[in-house]
file protein-v7.cif (mmCIF, C-alpha atoms)
data_data
#
loop_
_atom_site.group_PDB
_atom_site.id
_atom_site.type_symbol
_atom_site.label_atom_id
_atom_site.label_comp_id
_atom_site.auth_asym_id
_atom_site.auth_seq_id
_atom_site.Cartn_x
_atom_site.Cartn_y
_atom_site.Cartn_z
ATOM 1 C CA MET A 1 -33.461 3.108 -14.951
ATOM 2 C CA PRO A 2 -32.337 -0.468 -15.777
ATOM 3 C CA ASN A 3 -31.996 -2.812 -12.834
ATOM 4 C CA ASN A 4 -28.254 -3.254 -13.285
ATOM 5 C CA VAL A 5 -27.694 0.513 -13.115
ATOM 6 C CA SER A 6 -29.908 0.761 -10.038
ATOM 7 C CA LEU A 7 -27.935 -1.986 -8.315
ATOM 8 C CA TYR A 8 -24.683 -0.271 -9.236
ATOM 9 C CA TYR A 9 -25.725 2.958 -7.560
ATOM 10 C CA GLU A 10 -27.087 1.074 -4.576
ATOM 11 C CA LYS A 11 -23.678 -0.511 -4.062
ATOM 12 C CA ARG A 12 -21.938 2.826 -4.432
ATOM 13 C CA ASP A 13 -24.243 4.421 -1.855
ATOM 14 C CA VAL A 14 -23.464 1.662 0.628
ATOM 15 C CA ASN A 15 -19.754 2.332 0.117
ATOM 16 C CA GLN A 16 -20.216 5.935 1.199
ATOM 17 C CA ASN A 17 -21.268 5.009 4.735
ATOM 18 C CA PRO A 18 -18.711 6.443 7.160
ATOM 19 C CA LEU A 19 -16.601 4.213 9.372
ATOM 20 C CA GLU A 20 -17.402 1.106 7.329
ATOM 21 C CA ARG A 21 -15.542 -1.175 4.972
ATOM 22 C CA ALA A 22 -15.607 0.306 1.451
ATOM 23 C CA GLU A 23 -16.562 -2.834 -0.431
ATOM 24 C CA GLN A 24 -15.540 -3.237 -4.061
ATOM 25 C CA ASN A 25 -17.312 -5.075 -6.867
ATOM 26 C CA PHE A 26 -14.374 -6.418 -8.849
ATOM 27 C CA ASP A 27 -16.620 -7.549 -11.700
ATOM 28 C CA GLU A 28 -18.178 -4.188 -12.528
ATOM 29 C CA ALA A 29 -17.019 -2.014 -15.416
ATOM 30 C CA GLY A 30 -14.083 0.223 -14.666
ATOM 31 C CA PRO A 31 -10.293 0.583 -14.796
ATOM 32 C CA ALA A 32 -7.962 -2.056 -13.416
ATOM 33 C CA ILE A 33 -7.092 0.130 -10.453
ATOM 34 C CA VAL A 34 -10.476 -0.757 -8.916
ATOM 35 C CA THR A 35 -11.683 -3.850 -10.787
ATOM 36 C CA ARG A 36 -10.266 -7.120 -12.111
ATOM 37 C CA ARG A 37 -9.593 -6.768 -15.840
ATOM 38 C CA PRO A 38 -8.561 -9.317 -18.497
ATOM 39 C CA ALA A 39 -5.590 -8.790 -20.798
ATOM 40 C CA ASN A 40 -6.273 -8.414 -24.523
ATOM 41 C CA GLU A 41 -2.570 -8.449 -25.379
ATOM 42 C CA ARG A 42 0.733 -8.670 -23.536
ATOM 43 C CA LEU A 43 1.658 -5.567 -21.586
ATOM 44 C CA LYS A 44 4.097 -2.969 -22.900
ATOM 45 C CA LEU A 45 5.885 -0.093 -21.221
ATOM 46 C CA MET A 46 4.471 2.920 -23.035
ATOM 47 C CA ARG A 47 5.410 5.668 -20.586
ATOM 48 C CA ASN A 48 7.528 5.808 -17.440
ATOM 49 C CA LEU A 49 5.358 7.965 -15.166
ATOM 50 C CA PRO A 50 7.474 7.434 -12.015
ATOM 51 C CA LEU A 51 10.464 8.732 -13.981
ATOM 52 C CA GLU A 52 8.526 11.826 -15.044
ATOM 53 C CA GLU A 53 7.414 12.440 -11.462
ATOM 54 C CA PHE A 54 10.978 12.003 -10.206
ATOM 55 C CA GLY A 55 12.327 14.438 -12.793
ATOM 56 C CA PHE A 56 9.908 17.152 -11.741
ATOM 57 C CA ALA A 57 10.270 16.547 -7.999
ATOM 58 C CA GLN A 58 14.053 16.492 -8.244
ATOM 59 C CA SER A 59 14.009 19.835 -10.072
ATOM 60 C CA VAL A 60 12.197 21.622 -7.217
ATOM 61 C CA ALA A 61 13.225 19.671 -4.098
ATOM 62 C CA LYS A 62 16.044 20.655 -1.770
ATOM 63 C CA VAL A 63 16.334 17.181 -0.229
ATOM 64 C CA PRO A 64 16.579 13.680 -1.767
ATOM 65 C CA VAL A 65 13.396 12.558 -3.527
ATOM 66 C CA LYS A 66 11.584 9.285 -2.922
ATOM 67 C CA VAL A 67 9.640 7.698 -5.771
ATOM 68 C CA THR A 68 6.691 5.343 -5.308
ATOM 69 C CA MET A 69 5.457 2.700 -7.733
ATOM 70 C CA LEU A 70 2.864 -0.060 -7.661
ATOM 71 C CA GLY A 71 4.154 -3.535 -6.827
ATOM 72 C CA PRO A 72 3.517 -6.793 -8.738
ATOM 73 C CA ASP A 73 1.233 -8.174 -6.022
ATOM 74 C CA ARG A 74 -1.286 -5.354 -6.334
ATOM 75 C CA ILE A 75 -1.215 -5.536 -10.130
ATOM 76 C CA ALA A 76 -1.732 -9.311 -10.074
ATOM 77 C CA GLN A 77 -4.769 -8.954 -7.827
ATOM 78 C CA ARG A 78 -6.351 -6.744 -10.498
ATOM 79 C CA PHE A 79 -5.628 -9.231 -13.325
ATOM 80 C CA LYS A 80 -8.506 -11.461 -14.465
ATOM 81 C CA TRP A 81 -6.254 -14.388 -15.358
ATOM 82 C CA GLU A 82 -9.074 -16.877 -15.834
ATOM 83 C CA THR A 83 -10.298 -15.057 -18.968
ATOM 84 C CA SER A 84 -6.838 -14.162 -20.283
ATOM 85 C CA ARG A 85 -5.250 -17.546 -20.948
ATOM 86 C CA ASP A 86 -4.892 -16.840 -24.664
ATOM 87 C CA VAL A 87 -2.535 -13.979 -23.688
ATOM 88 C CA TYR A 88 -0.875 -15.202 -20.478
ATOM 89 C CA LYS A 89 -0.834 -18.910 -19.719
ATOM 90 C CA ASP A 90 -1.221 -18.363 -15.959
ATOM 91 C CA LEU A 91 -0.544 -15.971 -13.082
ATOM 92 C CA ASP A 92 3.131 -16.937 -12.982
ATOM 93 C CA ASP A 93 3.554 -15.891 -16.608
ATOM 94 C CA PHE A 94 1.769 -12.587 -15.975
ATOM 95 C CA VAL A 95 3.676 -11.712 -12.797
ATOM 96 C CA ASP A 96 7.042 -12.555 -14.377
ATOM 97 C CA HIS A 97 6.225 -10.203 -17.238
ATOM 98 C CA VAL A 98 5.125 -7.435 -14.860
ATOM 99 C CA VAL A 99 8.411 -7.764 -12.972
ATOM 100 C CA ALA A 100 10.407 -7.489 -16.211
ATOM 101 C CA ILE A 101 8.546 -4.313 -17.195
ATOM 102 C CA GLU A 102 8.833 -2.742 -13.760
ATOM 103 C CA ARG A 103 12.551 -3.476 -13.642
ATOM 104 C CA ARG A 104 12.909 -1.351 -16.771
ATOM 105 C CA ILE A 105 11.100 1.459 -14.944
ATOM 106 C CA ILE A 106 13.507 1.116 -12.018
ATOM 107 C CA GLU A 107 16.555 0.982 -14.283
ATOM 108 C CA GLN A 108 15.550 4.295 -15.848
ATOM 109 C CA LEU A 109 14.935 5.817 -12.419
ATOM 110 C CA VAL A 110 18.358 4.694 -11.202
ATOM 111 C CA ASP A 111 20.014 6.088 -14.326
ATOM 112 C CA ALA A 112 18.314 9.415 -13.552
ATOM 113 C CA GLY A 113 19.831 9.440 -10.056
ATOM 114 C CA CYS A 114 16.980 8.112 -7.892
ATOM 115 C CA LYS A 115 18.283 6.586 -4.653
ATOM 116 C CA TYR A 116 15.085 5.712 -2.762
ATOM 117 C CA ILE A 117 12.187 3.761 -4.280
ATOM 118 C CA GLN A 118 9.069 2.714 -2.393
ATOM 119 C CA ILE A 119 7.021 -0.206 -3.668
ATOM 120 C CA ASP A 120 3.337 0.221 -2.840
ATOM 121 C CA ALA A 121 1.989 -3.211 -1.940
ATOM 122 C CA PRO A 122 -1.366 -2.847 -0.177
ATOM 123 C CA GLY A 123 -2.384 -6.242 -1.549
ATOM 124 C CA TYR A 124 -0.414 -8.104 1.126
ATOM 125 C CA THR A 125 -3.146 -7.445 3.668
ATOM 126 C CA ALA A 126 -5.431 -9.591 1.507
ATOM 127 C CA TYR A 127 -3.647 -12.554 3.086
ATOM 128 C CA VAL A 128 -5.000 -11.672 6.540
ATOM 129 C CA ASP A 129 -8.491 -10.638 5.395
ATOM 130 C CA LYS A 130 -11.166 -13.358 5.379
ATOM 131 C CA ILE A 131 -13.249 -11.842 2.569
ATOM 132 C CA SER A 132 -10.208 -11.498 0.310
ATOM 133 C CA LEU A 133 -9.030 -15.021 1.105
ATOM 134 C CA ASP A 134 -12.476 -16.435 0.316
ATOM 135 C CA ARG A 135 -12.463 -14.637 -3.037
ATOM 136 C CA MET A 136 -9.077 -16.102 -3.947
ATOM 137 C CA ARG A 137 -10.261 -19.607 -3.137
ATOM 138 C CA SER A 138 -13.502 -19.103 -5.089
ATOM 139 C CA ARG A 139 -11.373 -18.414 -8.193
ATOM 140 C CA GLY A 140 -9.406 -21.607 -7.650
ATOM 141 C CA GLU A 141 -6.344 -19.835 -6.259
ATOM 142 C CA ASP A 142 -4.186 -21.007 -3.372
ATOM 143 C CA PRO A 143 -3.585 -18.003 -1.047
ATOM 144 C CA GLU A 144 -0.342 -19.535 0.251
ATOM 145 C CA ARG A 145 0.928 -19.883 -3.326
ATOM 146 C CA ASN A 146 -0.183 -16.341 -4.121
ATOM 147 C CA LEU A 147 1.637 -14.958 -1.094
ATOM 148 C CA GLN A 148 4.902 -16.716 -1.920
ATOM 149 C CA ARG A 149 4.660 -15.684 -5.576
ATOM 150 C CA SER A 150 4.254 -12.079 -4.509
ATOM 151 C CA ILE A 151 7.212 -12.155 -2.108
ATOM 152 C CA ASP A 152 9.389 -13.721 -4.811
ATOM 153 C CA ALA A 153 8.215 -11.138 -7.355
ATOM 154 C CA ASP A 154 8.923 -8.189 -5.065
ATOM 155 C CA ASN A 155 12.410 -9.532 -4.395
ATOM 156 C CA ALA A 156 13.082 -10.107 -8.095
ATOM 157 C CA LEU A 157 11.931 -6.552 -8.757
ATOM 158 C CA ILE A 158 14.653 -4.960 -6.632
ATOM 159 C CA GLU A 159 17.507 -7.406 -7.211
ATOM 160 C CA GLY A 160 20.726 -5.953 -8.620
ATOM 161 C CA PHE A 161 20.375 -2.306 -7.536
ATOM 162 C CA PRO A 162 22.843 -2.127 -4.619
ATOM 163 C CA ASP A 163 22.974 1.680 -4.432
ATOM 164 C CA VAL A 164 19.219 2.118 -4.051
ATOM 165 C CA THR A 165 17.248 1.991 -0.798
ATOM 166 C CA PHE A 166 14.021 0.093 -1.374
ATOM 167 C CA GLY A 167 11.002 0.348 0.898
ATOM 168 C CA ILE A 168 7.695 -1.475 0.713
ATOM 169 C CA HIS A 169 4.408 -0.016 1.918
ATOM 170 C CA ILE A 170 1.677 -2.266 3.331
ATOM 171 C CA CYS A 171 -1.782 -0.981 4.315
ATOM 172 C CA ARG A 172 -5.466 -1.902 4.385
ATOM 173 C CA GLY A 173 -6.757 0.612 1.870
ATOM 174 C CA ASN A 174 -6.968 4.392 1.868
ATOM 175 C CA ALA A 175 -10.704 4.844 1.282
ATOM 176 C CA ARG A 176 -12.435 7.662 3.144
ATOM 177 C CA THR A 177 -15.604 9.710 3.025
ATOM 178 C CA ILE A 178 -17.348 12.647 4.675
ATOM 179 C CA ASP A 179 -19.490 11.950 7.721
ATOM 180 C CA PRO A 180 -22.807 13.670 6.904
ATOM 181 C CA ARG A 181 -23.463 14.237 10.613
ATOM 182 C CA THR A 182 -20.252 16.154 11.305
ATOM 183 C CA GLY A 183 -18.919 17.190 7.894
ATOM 184 C CA LYS A 184 -15.540 15.698 8.855
ATOM 185 C CA LEU A 185 -13.387 13.320 6.840
ATOM 186 C CA VAL A 186 -13.657 9.814 8.329
ATOM 187 C CA PRO A 187 -11.942 6.501 7.537
ATOM 188 C CA GLN A 188 -13.094 3.611 5.427
ATOM 189 C CA TRP A 189 -10.982 0.594 4.487
ATOM 190 C CA HIS A 190 -10.763 -2.353 2.110
ATOM 191 C CA ARG A 191 -9.300 -5.025 4.388
ATOM 192 C CA GLU A 192 -9.134 -6.058 8.022
ATOM 193 C CA GLY A 193 -6.696 -8.162 9.980
ATOM 194 C CA SER A 194 -3.462 -7.934 11.948
ATOM 195 C CA TYR A 195 -0.008 -8.810 10.634
ATOM 196 C CA ASP A 196 0.335 -11.747 13.019
ATOM 197 C CA THR A 197 -0.285 -14.649 10.626
ATOM 198 C CA ILE A 198 2.038 -13.381 7.866
ATOM 199 C CA ALA A 199 4.603 -11.337 9.808
ATOM 200 C CA GLU A 200 7.378 -13.917 10.166
ATOM 201 C CA ARG A 201 7.149 -15.013 6.544
ATOM 202 C CA LEU A 202 6.718 -11.514 5.135
ATOM 203 C CA PHE A 203 9.160 -9.505 7.220
ATOM 204 C CA ASN A 204 11.922 -12.100 6.826
ATOM 205 C CA GLY A 205 11.127 -13.006 3.227
ATOM 206 C CA LEU A 206 11.123 -9.517 1.735
ATOM 207 C CA LYS A 207 14.561 -8.065 1.000
ATOM 208 C CA HIS A 208 13.478 -4.430 1.214
ATOM 209 C CA ARG A 209 15.383 -2.354 3.776
ATOM 210 C CA ARG A 210 12.345 -0.292 4.826
ATOM 211 C CA LEU A 211 8.975 -1.736 5.884
ATOM 212 C CA LEU A 212 6.308 0.985 5.901
ATOM 213 C CA LEU A 213 3.460 -0.487 7.932
ATOM 214 C CA GLU A 214 -0.019 0.883 8.591
ATOM 215 C CA TYR A 215 -0.609 1.117 12.326
ATOM 216 C CA GLU A 216 -3.072 3.979 12.779
ATOM 217 C CA SER A 217 -6.134 1.887 13.684
ATOM 218 C CA ASP A 218 -7.170 -1.172 15.658
ATOM 219 C CA ARG A 219 -7.549 -3.063 12.353
ATOM 220 C CA ALA A 220 -3.763 -3.378 12.206
ATOM 221 C CA GLY A 221 -3.569 -5.228 15.515
ATOM 222 C CA GLY A 222 -0.775 -4.850 18.037
ATOM 223 C CA PHE A 223 2.961 -4.311 17.683
ATOM 224 C CA GLU A 224 3.917 -7.866 18.671
ATOM 225 C CA PRO A 225 4.632 -8.947 15.049
ATOM 226 C CA LEU A 226 7.483 -6.411 14.935
ATOM 227 C CA SER A 227 9.549 -8.926 16.887
ATOM 228 C CA PHE A 228 9.935 -10.854 13.600
ATOM 229 C CA VAL A 229 11.674 -7.938 11.843
ATOM 230 C CA PRO A 230 15.354 -8.692 11.068
ATOM 231 C CA LYS A 231 18.051 -6.408 12.482
ATOM 232 C CA ASP A 232 18.964 -4.986 9.067
ATOM 233 C CA LYS A 233 15.524 -3.430 8.415
ATOM 234 C CA ILE A 234 13.814 -0.214 9.488
ATOM 235 C CA VAL A 235 10.086 -0.208 10.250
ATOM 236 C CA VAL A 236 8.300 3.035 9.466
ATOM 237 C CA LEU A 237 5.254 3.151 11.722
ATOM 238 C CA GLY A 238 2.234 4.556 9.900
ATOM 239 C CA LEU A 239 0.665 6.115 12.992
ATOM 240 C CA ILE A 240 -0.833 9.252 11.464
ATOM 241 C CA SER A 241 -4.148 8.916 9.667
ATOM 242 C CA THR A 242 -4.584 10.385 6.198
ATOM 243 C CA LYS A 243 -8.251 9.375 6.419
ATOM 244 C CA SER A 244 -9.485 11.374 9.405
ATOM 245 C CA SER A 245 -9.857 15.057 10.223
ATOM 246 C CA ASP A 246 -9.105 14.227 13.854
ATOM 247 C CA MET A 247 -5.650 15.518 14.731
ATOM 248 C CA GLU A 248 -3.029 13.351 16.403
ATOM 249 C CA THR A 249 -1.003 14.763 19.304
ATOM 250 C CA VAL A 250 2.712 14.538 19.970
ATOM 251 C CA ASP A 251 2.127 12.900 23.349
ATOM 252 C CA ALA A 252 -0.159 10.216 21.870
ATOM 253 C CA LEU A 253 2.295 9.424 19.086
ATOM 254 C CA LYS A 254 5.170 9.195 21.544
ATOM 255 C CA ARG A 255 3.199 6.686 23.615
ATOM 256 C CA ARG A 256 2.545 4.568 20.516
ATOM 257 C CA ILE A 257 6.210 4.636 19.535
ATOM 258 C CA GLU A 258 7.157 3.613 23.063
ATOM 259 C CA GLN A 259 4.758 0.648 22.824
ATOM 260 C CA ALA A 260 6.322 -0.400 19.509
ATOM 261 C CA SER A 261 9.833 -0.097 20.938
ATOM 262 C CA LYS A 262 9.047 -2.939 23.359
ATOM 263 C CA HIS A 263 9.118 -5.257 20.341
ATOM 264 C CA LEU A 264 11.688 -3.531 18.088
ATOM 265 C CA PRO A 265 14.522 -1.196 19.164
ATOM 266 C CA LEU A 266 14.042 2.546 18.609
ATOM 267 C CA GLU A 267 16.986 2.624 16.223
ATOM 268 C CA GLN A 268 14.951 0.388 13.899
ATOM 269 C CA LEU A 269 11.824 2.535 14.060
ATOM 270 C CA ALA A 270 10.606 5.646 12.268
ATOM 271 C CA ILE A 271 7.246 7.433 11.877
ATOM 272 C CA SER A 272 5.059 8.543 8.975
ATOM 273 C CA PRO A 273 1.434 8.846 7.841
ATOM 274 C CA GLN A 274 -0.239 5.468 7.385
ATOM 275 C CA CYS A 275 -0.757 6.048 3.635
ATOM 276 C CA GLY A 276 -0.719 8.861 1.076
ATOM 277 C CA PHE A 277 -2.732 12.052 1.490
ATOM 278 C CA GLY A 278 -3.966 11.879 -2.105
ATOM 279 C CA GLY A 279 -6.617 9.574 -3.493
ATOM 280 C CA ILE A 280 -8.373 8.328 -6.608
ATOM 281 C CA ASP A 281 -12.021 9.408 -6.662
ATOM 282 C CA SER A 282 -11.787 9.964 -2.930
ATOM 283 C CA LYS A 283 -12.339 12.721 -0.395
ATOM 284 C CA VAL A 284 -9.150 14.192 1.042
ATOM 285 C CA LEU A 285 -7.999 16.348 3.921
ATOM 286 C CA SER A 286 -7.491 20.052 3.368
ATOM 287 C CA GLU A 287 -3.927 21.177 2.674
ATOM 288 C CA GLU A 288 -3.848 22.931 6.038
ATOM 289 C CA GLU A 289 -4.853 19.691 7.791
ATOM 290 C CA MET A 290 -2.160 17.765 5.915
ATOM 291 C CA TRP A 291 0.550 20.197 7.025
ATOM 292 C CA ARG A 292 -0.639 20.065 10.631
ATOM 293 C CA LYS A 293 -0.375 16.268 10.612
ATOM 294 C CA LEU A 294 3.093 16.356 9.046
ATOM 295 C CA ASP A 295 4.234 18.962 11.574
ATOM 296 C CA CYS A 296 3.010 16.667 14.347
ATOM 297 C CA ALA A 297 5.038 13.793 12.887
ATOM 298 C CA VAL A 298 8.184 15.931 12.677
ATOM 299 C CA LYS A 299 7.815 17.176 16.263
ATOM 300 C CA SER A 300 7.209 13.662 17.550
ATOM 301 C CA ALA A 301 10.255 12.302 15.728
ATOM 302 C CA ALA A 302 12.423 15.116 17.059
ATOM 303 C CA GLU A 303 11.412 14.406 20.646
ATOM 304 C CA VAL A 304 11.762 10.623 20.371
ATOM 305 C CA TRP A 305 15.003 10.371 18.372
ATOM 306 C CA SER A 306 16.716 13.618 19.372
#
call {"tool": "encode", "arguments": {"input": "protein-v7.cif", "output": "structure tokens"}}
result
Amino acid sequence: MPNNVSLYYEKRDVNQNPLERAEQNFDEAGPAIVTRRPANERLKLMRNLPLEEFGFAQSVAKVPVKVTMLGPDRIAQRFKWETSRDVYKDLDDFVDHVVAIERRIIEQLVDAGCKYIQIDAPGYTAYVDKISLDRMRSRGEDPERNLQRSIDADNALIEGFPDVTFGIHICRGNARTIDPRTGKLVPQWHREGSYDTIAERLFNGLKHRRLLLEYESDRAGGFEPLSFVPKDKIVVLGLISTKSSDMETVDALKRRIEQASKHLPLEQLAISPQCGFGGIDSKVLSEEEMWRKLDCAVKSAAEVWS
């Protein structure tokens, strides 16, 4: 086996260790969802997948449907700008173009009757994670400039759709694996760090009405940063793990919500899983486990906000 292939598998094996950071090699071969890729030509909207998903979900759902789509920040962090200057002159050019394309996706969703759109923006936790910050600087990027560009892009994305509720989801990665000792699903993650250093700038800068924040582990830090949330926003506390077979309890969730309410009023709080139950090339909970966790969330919400 060639050395490069051996090293590749060695890295992958390390990433399977339970309860550890699932490290990524952004320079290896692979799709842009997991690696940094250059652009060979300017992007085009070939297919509106969120619209297709909304159409199907709307046809079978008995309640309003929420659609999720990837935000400009996450896409930009997967763009190898330094080898793409013959296509995009810089990151600003690329992000502006991504926003224009994604606004077309949103326009079509709105025309189809979608009233709630969630922007998935896990990349924001890169700005509190030392490894991610070091990587930005090693590429000649200014993390402060990147953060402001991303906030501006997310706001530009949702501007001009007054009848739509926009949420934005922020987490530290949804990686997980099976613990060989127990056979249970256990968490991994891509980033570490609390919201403290970016909370005031992020929570006040973003114009989204819902902030869906991961809070199911110690890596998220405490609830103190919630004090920076403006009065016109709702924070959805991601207290339920999609990465662990361990089951939450209603009493434990109620205690966590009570702790959060010391920094933000209950009327501005809600509860949800910390991320999605699905995954790309990832282990997942059983369907029965997913329903048990959702039932726990519903029961907790009913007791807290009844």
call {"tool": "closest_residue", "arguments": {"input": "protein-v7.cif", "among": "A:Leu185, A:Ala220, A:Ala301, A:Val250", "to": "Val284 of chain A", "atoms": "all atoms listed in the file"}}
result
A:Leu185
call {"tool": "resolve_selection", "arguments": {"input": "protein-v7.cif", "expression": "the PyMOL selection byres ((chain A and resi 245) around 12)", "output": "list in words"}}
result
Arg176, Thr177, Ile178, Asp179, Thr182, Gly183, Lys184, Leu185, Val186, Pro187, Ile240, Ser241, Thr242, Lys243, Ser244, Asp246, Met247, Glu248, Phe277, Lys283, Val284, Leu285, Ser286, Glu287, Glu288, Glu289, Met290, Arg292 and Lys293 of chain A
call {"tool": "resolve_selection", "arguments": {"input": "protein-v7.cif", "expression": "the PyMOL selection byres ((chain A and resi 60-76) around 8)", "output": "ChimeraX atom specification"}}
result
/A:50,53-54,56-59,77-79,91,94-95,98-99,114-124,150,153-154
call {"tool": "resolve_selection", "arguments": {"input": "protein-v7.cif", "expression": "the PyMOL selection byres ((chain A and resi 22) around 6)", "output": "MDAnalysis selection string"}}
result
chainID A and resid 15 21 23 188:190
call {"tool": "write_last_selection", "arguments": {"input": "protein-v7.cif", "atoms": "C-alpha atoms", "output": "mmCIF file, in the coordinates of the input"}}
result
data_model
loop_
_atom_site.group_PDB
_atom_site.id
_atom_site.type_symbol
_atom_site.label_atom_id
_atom_site.label_comp_id
_atom_site.auth_asym_id
_atom_site.auth_seq_id
_atom_site.Cartn_x
_atom_site.Cartn_y
_atom_site.Cartn_z
ATOM 1 C CA ASN A 15 -19.754 2.332 0.117
ATOM 2 C CA ARG A 21 -15.542 -1.175 4.972
ATOM 3 C CA GLU A 23 -16.562 -2.834 -0.431
ATOM 4 C CA GLN A 188 -13.094 3.611 5.427
ATOM 5 C CA TRP A 189 -10.982 0.594 4.487
ATOM 6 C CA HIS A 190 -10.763 -2.353 2.110
#
call {"tool": "residues_around", "arguments": {"input": "protein-v7.cif", "residues": "Pro143 of chain A", "least_positions_apart": "4", "cutoff": "8 Å", "atoms": "only C-alpha atoms", "output": "PyMOL selection string"}}
result
chain A and resi 127+133+136-137+147
call {"tool": "atom_distance", "arguments": {"input": "protein-v7.cif", "atom1": "atom CA of Asp295 of chain A", "atom2": "atom CA of Leu253 of chain A"}}
result
12.3 Å
call {"tool": "atom_distance", "arguments": {"input": "protein-v7.cif", "atom1": "atom CA of Glu200 of chain A", "atom2": "atom CA of Leu226 of chain A"}}
result
8.9 Å
